[in-house]
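Coordinates from data01.txt are shown below (compact mmCIF, C-alpha atoms and all ligand atoms).
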```
# COMPACT_ATOMS: atom_id res chain seq x y z
CA MET M 1 46.71 4.90 -25.57
CA MET M 2 45.42 1.62 -26.87
CA PRO M 3 45.07 -0.41 -23.63
CA THR M 4 43.15 2.39 -21.92
CA ASN M 5 40.82 2.69 -24.87
CA ARG M 6 40.26 -1.04 -24.84
CA TYR M 7 39.41 -0.97 -21.11
CA LEU M 8 37.08 1.92 -21.75
CA ALA M 9 35.38 0.02 -24.56
CA VAL M 10 34.92 -3.00 -22.29
CA ALA M 11 33.58 -0.80 -19.50
CA LEU M 12 31.09 0.86 -21.83
CA THR M 13 29.95 -2.50 -23.18
CA LEU M 14 29.37 -3.74 -19.62
CA LEU M 15 27.49 -0.57 -18.78
CA ALA M 16 25.31 -0.95 -21.88
CA ALA M 17 24.64 -4.58 -20.93
CA ALA M 18 23.63 -3.52 -17.42
CA HIS M 19 21.21 -1.01 -18.94
CA ALA M 20 19.82 -3.54 -21.41
CA SER M 21 19.10 -6.03 -18.61
CA ALA M 22 17.12 -3.41 -16.72
CA ALA M 23 15.19 -1.72 -19.46
CA LEU M 24 12.62 0.05 -17.37
CA HIS M 25 13.27 2.26 -14.33
CA VAL M 26 10.16 2.15 -12.15
CA VAL M 27 9.52 4.17 -9.00
CA ALA M 28 6.66 3.35 -6.62
CA THR M 29 5.47 5.67 -3.88
CA THR M 30 4.58 2.89 -1.40
CA PRO M 31 5.76 -0.72 -0.96
CA GLU M 32 2.64 -2.56 -2.17
CA TYR M 33 2.92 -0.86 -5.56
CA GLY M 34 6.66 -1.59 -5.55
CA ALA M 35 6.05 -5.27 -4.81
CA ILE M 36 3.47 -5.65 -7.60
CA ALA M 37 5.66 -3.69 -10.03
CA ALA M 38 8.54 -6.06 -9.23
CA ALA M 39 6.29 -9.11 -9.75
CA VAL M 40 5.13 -7.81 -13.15
CA GLY M 41 8.47 -6.26 -14.19
CA GLY M 42 10.61 -9.29 -13.26
CA ASP M 43 14.17 -8.91 -14.54
CA LYS M 44 13.13 -6.36 -17.16
CA ALA M 45 12.55 -3.59 -14.63
CA THR M 46 14.34 -2.05 -11.68
CA VAL M 47 11.91 -0.95 -9.00
CA VAL M 48 12.62 1.59 -6.27
CA THR M 49 10.05 2.38 -3.56
CA LEU M 50 10.07 5.76 -1.84
CA ALA M 51 8.17 5.06 1.42
CA LYS M 52 9.31 2.50 3.97
CA PRO M 53 6.80 -0.20 5.02
CA THR M 54 7.06 1.03 8.59
CA GLU M 55 6.27 4.62 7.63
CA ASP M 56 2.81 6.26 7.67
CA PRO M 57 2.03 6.61 3.94
CA HIS M 58 0.31 9.96 4.52
CA PHE M 59 3.40 11.45 6.18
CA VAL M 60 6.47 10.13 4.41
CA ASP M 61 9.80 11.72 5.22
CA ALA M 62 10.79 13.40 1.93
CA LYS M 63 14.55 13.07 1.27
CA PRO M 64 16.87 14.57 -1.39
CA SER M 65 17.63 11.00 -2.53
CA HIS M 66 13.95 10.65 -3.49
CA ILE M 67 14.35 13.54 -5.93
CA VAL M 68 17.37 11.83 -7.54
CA THR M 69 15.41 8.57 -7.81
CA LEU M 70 12.44 10.34 -9.42
CA ASN M 71 14.72 12.22 -11.80
CA ARG M 72 15.91 8.90 -13.30
CA ALA M 73 12.50 7.19 -13.50
CA ASP M 74 10.76 6.08 -16.69
CA VAL M 75 7.55 5.25 -14.83
CA LEU M 76 6.08 6.43 -11.51
CA ILE M 77 3.26 4.59 -9.73
CA GLU M 78 1.27 6.53 -7.17
CA GLY M 79 -2.03 5.73 -5.46
CA GLY M 80 -3.83 8.57 -7.16
CA ALA M 81 -6.37 9.17 -4.39
CA GLU M 82 -4.39 11.81 -2.49
CA LEU M 83 -2.65 9.22 -0.30
CA GLU M 84 0.68 10.89 -1.10
CA GLY M 85 -0.78 14.41 -1.41
CA GLY M 86 1.26 15.75 1.50
CA TRP M 87 4.71 14.75 0.24
CA LEU M 88 4.85 13.67 -3.42
CA PRO M 89 4.11 16.98 -5.26
CA PRO M 90 7.22 18.85 -3.99
CA LEU M 91 9.42 15.82 -4.78
CA LEU M 92 8.00 15.69 -8.32
CA ASP M 93 8.62 19.42 -8.78
CA GLY M 94 12.21 18.94 -7.63
CA ALA M 95 12.80 15.95 -9.91
CA ARG M 96 12.07 17.94 -13.11
CA ASN M 97 11.36 14.74 -15.05
CA THR M 98 8.81 15.33 -17.83
CA LYS M 99 8.38 11.53 -18.35
CA ILE M 100 6.65 11.17 -14.96
CA ALA M 101 5.12 14.64 -14.52
CA VAL M 102 1.42 14.77 -13.61
CA GLY M 103 -0.55 13.93 -16.77
CA ALA M 104 2.46 12.37 -18.59
CA PRO M 105 2.14 8.75 -19.82
CA GLY M 106 4.80 7.64 -17.34
CA HIS M 107 2.75 8.85 -14.37
CA ILE M 108 0.48 5.99 -13.31
CA ARG M 109 -2.43 6.55 -10.94
CA ALA M 110 -3.26 3.17 -9.40
CA SER M 111 -6.76 4.27 -8.39
CA GLU M 112 -7.89 4.56 -12.03
CA GLY M 113 -10.82 2.19 -12.55
CA ILE M 114 -11.20 1.45 -8.84
CA PRO M 115 -14.42 2.52 -7.07
CA LEU M 116 -13.37 4.36 -3.90
CA LEU M 117 -15.15 4.00 -0.56
CA ASP M 118 -15.90 6.90 1.80
CA VAL M 119 -15.97 9.61 -0.88
CA PRO M 120 -17.38 12.62 0.99
CA ALA M 121 -20.56 14.21 -0.37
CA VAL M 122 -19.05 17.61 0.34
CA LEU M 123 -15.32 18.26 -0.04
CA ASP M 124 -14.04 19.56 3.28
CA ARG M 125 -10.40 19.66 4.35
CA SER M 126 -11.03 22.12 7.17
CA GLN M 127 -11.10 19.40 9.83
CA GLY M 128 -7.71 18.06 8.73
CA ASP M 129 -9.32 15.14 6.94
CA ILE M 130 -6.61 13.42 4.88
CA HIS M 131 -9.16 11.24 3.06
CA ALA M 132 -10.91 14.19 1.43
CA ALA M 133 -10.90 12.47 -2.00
CA GLY M 134 -12.21 9.16 -0.61
CA ASN M 135 -10.47 6.28 1.17
CA PRO M 136 -7.08 5.68 -0.54
CA HIS M 137 -6.32 2.30 1.13
CA PHE M 138 -7.96 0.26 -1.65
CA MET M 139 -4.99 -2.08 -2.06
CA MET M 140 -6.11 -4.01 1.02
CA ASP M 141 -8.68 -5.69 -1.24
CA PRO M 142 -6.83 -8.29 -3.36
CA GLN M 143 -9.34 -7.76 -6.18
CA ASN M 144 -8.09 -4.18 -6.45
CA ALA M 145 -4.49 -5.46 -6.52
CA ARG M 146 -5.63 -7.50 -9.54
CA VAL M 147 -6.79 -4.33 -11.33
CA VAL M 148 -3.56 -2.51 -10.49
CA ALA M 149 -1.33 -5.40 -11.65
CA LYS M 150 -3.10 -5.39 -15.04
CA HIS M 151 -2.79 -1.62 -15.23
CA LEU M 152 0.97 -1.87 -14.57
CA ALA M 153 1.50 -4.59 -17.18
CA ASP M 154 -0.30 -2.45 -19.79
CA ALA M 155 1.80 0.59 -18.87
CA PHE M 156 5.07 -1.36 -18.91
CA CYS M 157 4.17 -2.66 -22.39
CA VAL M 158 3.68 0.91 -23.62
CA HIS M 159 7.01 2.07 -22.20
CA ASP M 160 9.03 -1.03 -23.06
CA ALA M 161 7.35 -2.77 -25.99
CA PRO M 162 10.17 -5.29 -26.67
CA SER M 163 9.62 -6.86 -23.22
CA CYS M 164 5.82 -6.85 -23.39
CA SER M 165 5.48 -10.64 -23.68
CA VAL M 166 7.56 -11.03 -20.50
CA TYR M 167 5.38 -8.53 -18.61
CA LYS M 168 2.23 -10.33 -19.74
CA ALA M 169 3.62 -13.73 -18.68
CA ASN M 170 4.67 -12.31 -15.28
CA LEU M 171 1.21 -10.79 -14.86
CA ALA M 172 -0.49 -14.10 -15.62
CA GLY M 173 1.69 -15.85 -13.02
CA PHE M 174 0.96 -13.20 -10.40
CA LEU M 175 -2.81 -13.27 -11.03
CA ALA M 176 -2.98 -17.07 -10.92
CA LYS M 177 -1.25 -17.11 -7.53
CA LEU M 178 -3.34 -14.19 -6.25
CA ASP M 179 -6.62 -15.88 -7.27
CA ALA M 180 -5.64 -19.17 -5.63
CA LYS M 181 -4.63 -17.42 -2.40
CA THR M 182 -7.75 -15.22 -2.42
CA ALA M 183 -9.90 -18.35 -2.36
CA GLU M 184 -7.91 -19.54 0.68
CA TRP M 185 -8.31 -16.17 2.43
CA VAL M 186 -12.06 -16.09 1.80
CA ALA M 187 -12.35 -19.61 3.28
CA ALA M 188 -10.18 -18.74 6.31
CA LEU M 189 -12.30 -15.68 7.17
CA ALA M 190 -15.70 -17.16 6.28
CA PRO M 191 -16.38 -18.44 9.84
CA PHE M 192 -16.05 -14.84 11.09
CA LYS M 193 -18.49 -13.24 8.65
CA GLY M 194 -20.10 -10.13 10.18
CA THR M 195 -17.50 -9.82 12.95
CA PRO M 196 -16.77 -6.18 13.83
CA ILE M 197 -13.19 -4.92 14.28
CA VAL M 198 -11.60 -1.75 15.61
CA THR M 199 -8.68 -0.28 13.67
CA TYR M 200 -6.45 2.69 14.36
CA HIS M 201 -7.02 4.35 10.96
CA PRO M 202 -9.69 3.48 8.32
CA THR M 203 -7.12 1.37 6.45
CA TRP M 204 -9.08 -1.91 6.59
CA ARG M 205 -12.40 -0.81 5.04
CA TYR M 206 -11.73 -2.47 1.65
CA PHE M 207 -10.32 -5.58 3.31
CA ALA M 208 -13.41 -5.79 5.54
CA GLN M 209 -15.73 -5.33 2.57
CA ARG M 210 -14.01 -8.11 0.61
CA PHE M 211 -13.92 -10.61 3.47
CA GLY M 212 -17.25 -9.90 5.17
CA LEU M 213 -15.97 -8.14 8.31
CA VAL M 214 -17.33 -4.87 9.72
CA SER M 215 -14.88 -1.96 10.02
CA ASP M 216 -16.73 1.12 11.28
CA VAL M 217 -14.92 2.00 14.53
CA PHE M 218 -11.53 3.75 14.56
CA LEU M 219 -9.17 4.96 17.29
CA GLU M 220 -8.61 8.16 15.30
CA PRO M 221 -11.58 10.55 15.49
CA LYS M 222 -10.90 11.47 11.83
CA PRO M 223 -8.27 10.12 9.41
CA GLY M 224 -4.93 11.64 10.43
CA ILE M 225 -6.20 13.15 13.70
CA PRO M 226 -4.65 11.51 16.82
CA PRO M 227 -6.98 9.77 19.31
CA SER M 228 -8.35 11.97 22.10
CA PRO M 229 -9.62 10.75 25.53
CA PRO M 230 -13.30 11.63 24.80
CA HIS M 231 -13.15 9.86 21.44
CA LEU M 232 -11.51 6.77 22.98
CA ALA M 233 -14.22 6.68 25.66
CA ASP M 234 -16.79 6.63 22.88
CA VAL M 235 -14.85 3.85 21.07
CA MET M 236 -14.77 1.72 24.25
CA LYS M 237 -18.51 2.19 24.72
CA LYS M 238 -19.10 1.00 21.16
CA MET M 239 -16.76 -1.96 21.73
CA ASN M 240 -18.72 -3.01 24.80
CA ASP M 241 -22.11 -2.45 23.14
CA GLN M 242 -21.18 -4.25 19.90
CA LYS M 243 -18.91 -6.85 21.58
CA ILE M 244 -15.89 -5.87 19.47
CA ARG M 245 -12.94 -7.94 20.66
CA VAL M 246 -10.13 -7.24 18.18
CA VAL M 247 -8.09 -4.04 17.67
CA LEU M 248 -5.80 -3.89 14.62
CA VAL M 249 -2.65 -1.79 14.81
CA GLU M 250 0.13 -1.15 12.27
CA PRO M 251 3.88 -0.64 12.92
CA PHE M 252 3.71 3.17 12.59
CA GLN M 253 0.62 3.59 14.81
CA SER M 254 0.47 3.85 18.61
CA ARG M 255 0.37 0.29 19.96
CA LYS M 256 0.21 1.79 23.45
CA THR M 257 -3.14 3.44 22.68
CA ALA M 258 -4.46 0.22 21.12
CA GLU M 259 -3.35 -1.76 24.22
CA ALA M 260 -4.93 0.73 26.61
CA VAL M 261 -8.27 0.42 24.80
CA ALA M 262 -8.01 -3.38 24.53
CA ASP M 263 -7.13 -3.77 28.22
CA ARG M 264 -10.28 -1.92 29.28
CA THR M 265 -12.58 -3.85 26.93
CA SER M 266 -11.26 -7.44 27.17
CA ALA M 267 -10.13 -7.20 23.55
CA VAL M 268 -6.89 -8.36 21.92
CA VAL M 269 -4.44 -6.25 19.90
CA VAL M 270 -3.45 -7.72 16.52
CA ASP M 271 -0.33 -6.51 14.68
CA VAL M 272 -1.01 -6.10 10.97
CA CYS M 273 0.33 -3.94 8.14
CA GLN M 274 -0.88 -2.59 4.81
CA PHE M 275 2.65 -2.78 3.33
CA PRO M 276 4.86 -5.69 2.28
CA GLY M 277 7.89 -5.68 4.59
CA GLY M 278 5.90 -4.35 7.54
CA LEU M 279 5.42 -7.88 8.91
CA PRO M 280 8.13 -10.60 9.07
CA GLY M 281 8.56 -12.63 5.86
CA THR M 282 6.56 -10.23 3.67
CA GLN M 283 9.38 -8.15 2.16
CA ASN M 284 8.53 -7.09 -1.42
CA ASP M 285 5.72 -9.68 -1.62
CA TYR M 286 2.10 -8.46 -1.72
CA ILE M 287 0.59 -11.95 -1.57
CA ALA M 288 2.75 -12.92 1.43
CA LEU M 289 1.62 -9.72 3.15
CA ILE M 290 -2.12 -10.33 2.75
CA ASP M 291 -1.52 -13.95 3.78
CA ALA M 292 0.24 -12.80 6.99
CA ASP M 293 -2.54 -10.26 7.69
CA VAL M 294 -5.30 -12.85 7.23
CA LYS M 295 -3.49 -15.33 9.50
CA ALA M 296 -2.92 -12.68 12.20
CA ILE M 297 -6.56 -11.57 12.11
CA VAL M 298 -7.90 -15.14 12.24
CA ALA M 299 -5.57 -15.87 15.20
CA GLY M 300 -6.85 -12.67 16.87
CA PHE M 301 -10.50 -13.72 16.45
CA GLN M 302 -9.70 -17.15 17.88
CA ALA M 303 -7.78 -15.69 20.85
CA ALA M 304 -10.63 -13.26 21.58
CA LYS M 305 -13.31 -15.94 21.81
ZN ZN T 401 -5.39 6.97 5.23
```
Could you quickly redo this structure as structure tokens?
Ligand SMILES: [Zn+2]
Amino acid sequence: MMPTNRYLAVALTLLAAAHASAALHVVATTPEYGAIAAAVGGDKATVVTLAKPTEDPHFVDAKPSHIVTLNRADVLIEGGAELEGGWLPPLLDGARNTKIAVGAPGHIRASEGIPLLDVPAVLDRSQGDIHAAGNPHFMMDPQNARVVAKHLADAFCVHDAPSCSVYKANLAGFLAKLDAKTAEWVAALAPFKGTPIVTYHPTWRYFAQRFGLVSDVFLEPKPGIPPSPPHLADVMKKMNDQKIRVVLVEPFQSRKTAEAVADRTSAVVVDVCQFPGGLPGTQNDYIALIDADVKAIVAGFQAAK
């Protein structure tokens, strides 16, 4: 029947238009990659992030919907330093998508070209160390976010050449804003150069290196191993000896443990997060996240004086 055919034709045209306006289907494992992919992709890409900002990135709850998302992806961005080693491989197997399989051009490893900290001299997973390939939390240094944003723009250009000029313009805008804000962050933290901090997990090593802080004491005895009373006693001794007055904790870590340690050492607990959306007003915005983290840490140092 004619009218039905006409409706069908209109529906197909609309569908094609919807596809044309979102040329590239991008999946990110964690929200900071998703936020930067969205900044670079603009309206030429749809970006879906698998992990929630309030979820421990080492232990993400794998869902069937993640497999469906990965099955439809043109490009996948993962950290590439075993951050997602515990949960991504089975999802990728289930997705059966050759475009984003390990080694395929659509599979982007963000760590490429980034020097990792804490790479062990001897590979040893026997102690449950989840940083066996080196510290995967390199995105906490805005200079590394710079490298990753460029990497993404290059990859998007390969996979969607007609929109390349848009990706390059979006990248330039993102980098200009990031550079301006980085100068502000360096200035804000400069008065606290050399100040030691305690963190729950070694997430803030790259941040500390960039901004001149010292991050060598952790509530976890090893990455991924929960705090034990003897280890916490040792941490509190170090805090007293080194006059460490600030403990950083993220939404998915035990604030209770951080408070217990802070109470016994006259320190303050500071709520921070490595993921956009984990702090108020930072949803899908990497620069807003680092800005909120810097402000919270500066306020913590001032409160601890
Ligand atoms: Zn970690």
Quiz item: Taking only C-alpha atoms into account, which of M:Asp61, M:Asp154, M:Asp291, M:Asp43 comes nearest Ala180 (chain M)?
Solution: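 The closest residue to Ala180 (chain M) is M:Asp291.
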Quiz prompt | Nearest-residue call for Glu259 (chain M), choices M:Thr30, M:Asn170, M:Gln283, M:Thr199, using only C-alpha atoms | solution =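 Result for the nearest residue to Glu259 (chain M): M:Thr199.
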Quiz item: Using all atoms listed in the file, what are the residues with an atom within 8 Å of ligand ZN 401 (chain T), set out as a ChimeraX atom specification?
Solution: /M:57-58,83,130-131,135-137,201-203,223-224
Can you spit out the residues from that selection as a compact mmCIF listing (two decimals), keeping the file's coordinate frame, using C-alpha atoms?
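Listing of out-v2.txt after writing:
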```txt
# COMPACT_ATOMS: atom_id res chain seq x y z
CA PRO M 57 2.03 6.61 3.94
CA HIS M 58 0.31 9.96 4.52
CA LEU M 83 -2.65 9.22 -0.30
CA ILE M 130 -6.61 13.42 4.88
CA HIS M 131 -9.16 11.24 3.06
CA ASN M 135 -10.47 6.28 1.17
CA PRO M 136 -7.08 5.68 -0.54
CA HIS M 137 -6.32 2.30 1.13
CA HIS M 201 -7.02 4.35 10.96
CA PRO M 202 -9.69 3.48 8.32
CA THR M 203 -7.12 1.37 6.45
CA PRO M 223 -8.27 10.12 9.41
CA GLY M 224 -4.93 11.64 10.43
```
Quiz item: Distance CA of Ile114 (chain M)-CA of Val102 (chain M), one decimal place?
Solution: 19.0 Å
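Remark: for Gly113 (chain M), the closest of the candidate residues M:Met139, M:Val217, M:Ala45, M:Val148 is M:Val148 (distances computed over all atoms listed in the file).
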Using all atoms listed in the file, tabulate the residues of region 171-262 of chain M lying at most 12 Å from any atom of region 279-282 of chain M, each with its closest atom pair and that distance in Å to one decimal, by chain and increasing residue number, as a tab-separated table.
```
residue	atom	partner	partner_atom	distance
M:Val249	CA	M:Leu279	CA	11.7
M:Glu250	CA	M:Leu279	CA	9.2
M:Pro251	CA	M:Leu279	CA	8.4
M:Phe252	CA	M:Leu279	CA	11.8
```
Save out the residues we just selected, C-alpha atoms, as an mmCIF file, in the frame of the given file.
```cif
data_model
loop_
_atom_site.group_PDB
_atom_site.id
_atom_site.type_symbol
_atom_site.label_atom_id
_atom_site.label_comp_id
_atom_site.auth_asym_id
_atom_site.auth_seq_id
_atom_site.Cartn_x
_atom_site.Cartn_y
_atom_site.Cartn_z
ATOM 1 C CA VAL M 249 -2.650 -1.790 14.810
ATOM 2 C CA GLU M 250 0.130 -1.150 12.270
ATOM 3 C CA PRO M 251 3.880 -0.640 12.920
ATOM 4 C CA PHE M 252 3.710 3.170 12.590
#
```
Quiz item: Using only C-alpha atoms, which of the listed residues (M:Pro229, M:Pro221, M:Gly41, M:Pro64) sits closest to Asp160 (chain M)?
Solution: M:Gly41
Close residues, Lys52 (chain M) itself excluded, 10 Å, all atoms listed in the file, min 6 positions apart in chain, as a PDB file with C-alpha atoms, keeping the file's coordinate frame:
```
ATOM      1  CA  THR M  29       5.470   5.670  -3.880  1.00  0.00           C
ATOM      2  CA  THR M  30       4.580   2.890  -1.400  1.00  0.00           C
ATOM      3  CA  PRO M  31       5.760  -0.720  -0.960  1.00  0.00           C
ATOM      4  CA  VAL M  60       6.470  10.130   4.410  1.00  0.00           C
ATOM      5  CA  ASP M  61       9.800  11.720   5.220  1.00  0.00           C
ATOM      6  CA  PHE M 275       2.650  -2.780   3.330  1.00  0.00           C
ATOM      7  CA  PRO M 276       4.860  -5.690   2.280  1.00  0.00           C
ATOM      8  CA  GLY M 277       7.890  -5.680   4.590  1.00  0.00           C
ATOM      9  CA  GLY M 278       5.900  -4.350   7.540  1.00  0.00           C
TER      10      GLY M 278
END
```
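What separates CA of Val298 (chain M) from CA of Phe192 (chain M) is a distance of 8.2 Å.
Among the candidate residues M:Leu92, M:Gly80, M:Phe138, M:Lys237, the one lying nearest to Ala110 (chain M) is M:Gly80, with distances computed using all atoms listed in the file.
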Quiz prompt | Option closest in space to Ala35 (chain M), from M:Lys295, M:Ala288, M:Cys157, M:Glu112 [counting only C-alpha atoms] | solution =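 Nearest to Ala35 (chain M): M:Ala288.
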Quiz item: What is the distance, in Å and to one decimal place, between CA of Ser254 (chain M) and CA of Asp234 (chain M)?
Solution: 18.0 Å
In file coordinates, which residues lie within 12 Å of (15.1, 13.3, -2.4) using only C-alpha atoms, given as an mmCIF file with C-alpha atoms, keeping the file's coordinate frame?
```cif
data_model
loop_
_atom_site.group_PDB
_atom_site.id
_atom_site.type_symbol
_atom_site.label_atom_id
_atom_site.label_comp_id
_atom_site.auth_asym_id
_atom_site.auth_seq_id
_atom_site.Cartn_x
_atom_site.Cartn_y
_atom_site.Cartn_z
ATOM 1 C CA LEU M 50 10.070 5.760 -1.840
ATOM 2 C CA ALA M 51 8.170 5.060 1.420
ATOM 3 C CA VAL M 60 6.470 10.130 4.410
ATOM 4 C CA ASP M 61 9.800 11.720 5.220
ATOM 5 C CA ALA M 62 10.790 13.400 1.930
ATOM 6 C CA LYS M 63 14.550 13.070 1.270
ATOM 7 C CA PRO M 64 16.870 14.570 -1.390
ATOM 8 C CA SER M 65 17.630 11.000 -2.530
ATOM 9 C CA HIS M 66 13.950 10.650 -3.490
ATOM 10 C CA ILE M 67 14.350 13.540 -5.930
ATOM 11 C CA VAL M 68 17.370 11.830 -7.540
ATOM 12 C CA THR M 69 15.410 8.570 -7.810
ATOM 13 C CA LEU M 70 12.440 10.340 -9.420
ATOM 14 C CA ASN M 71 14.720 12.220 -11.800
ATOM 15 C CA ARG M 72 15.910 8.900 -13.300
ATOM 16 C CA TRP M 87 4.710 14.750 0.240
ATOM 17 C CA LEU M 88 4.850 13.670 -3.420
ATOM 18 C CA PRO M 89 4.110 16.980 -5.260
ATOM 19 C CA PRO M 90 7.220 18.850 -3.990
ATOM 20 C CA LEU M 91 9.420 15.820 -4.780
ATOM 21 C CA LEU M 92 8.000 15.690 -8.320
ATOM 22 C CA ASP M 93 8.620 19.420 -8.780
ATOM 23 C CA GLY M 94 12.210 18.940 -7.630
ATOM 24 C CA ALA M 95 12.800 15.950 -9.910
#
```
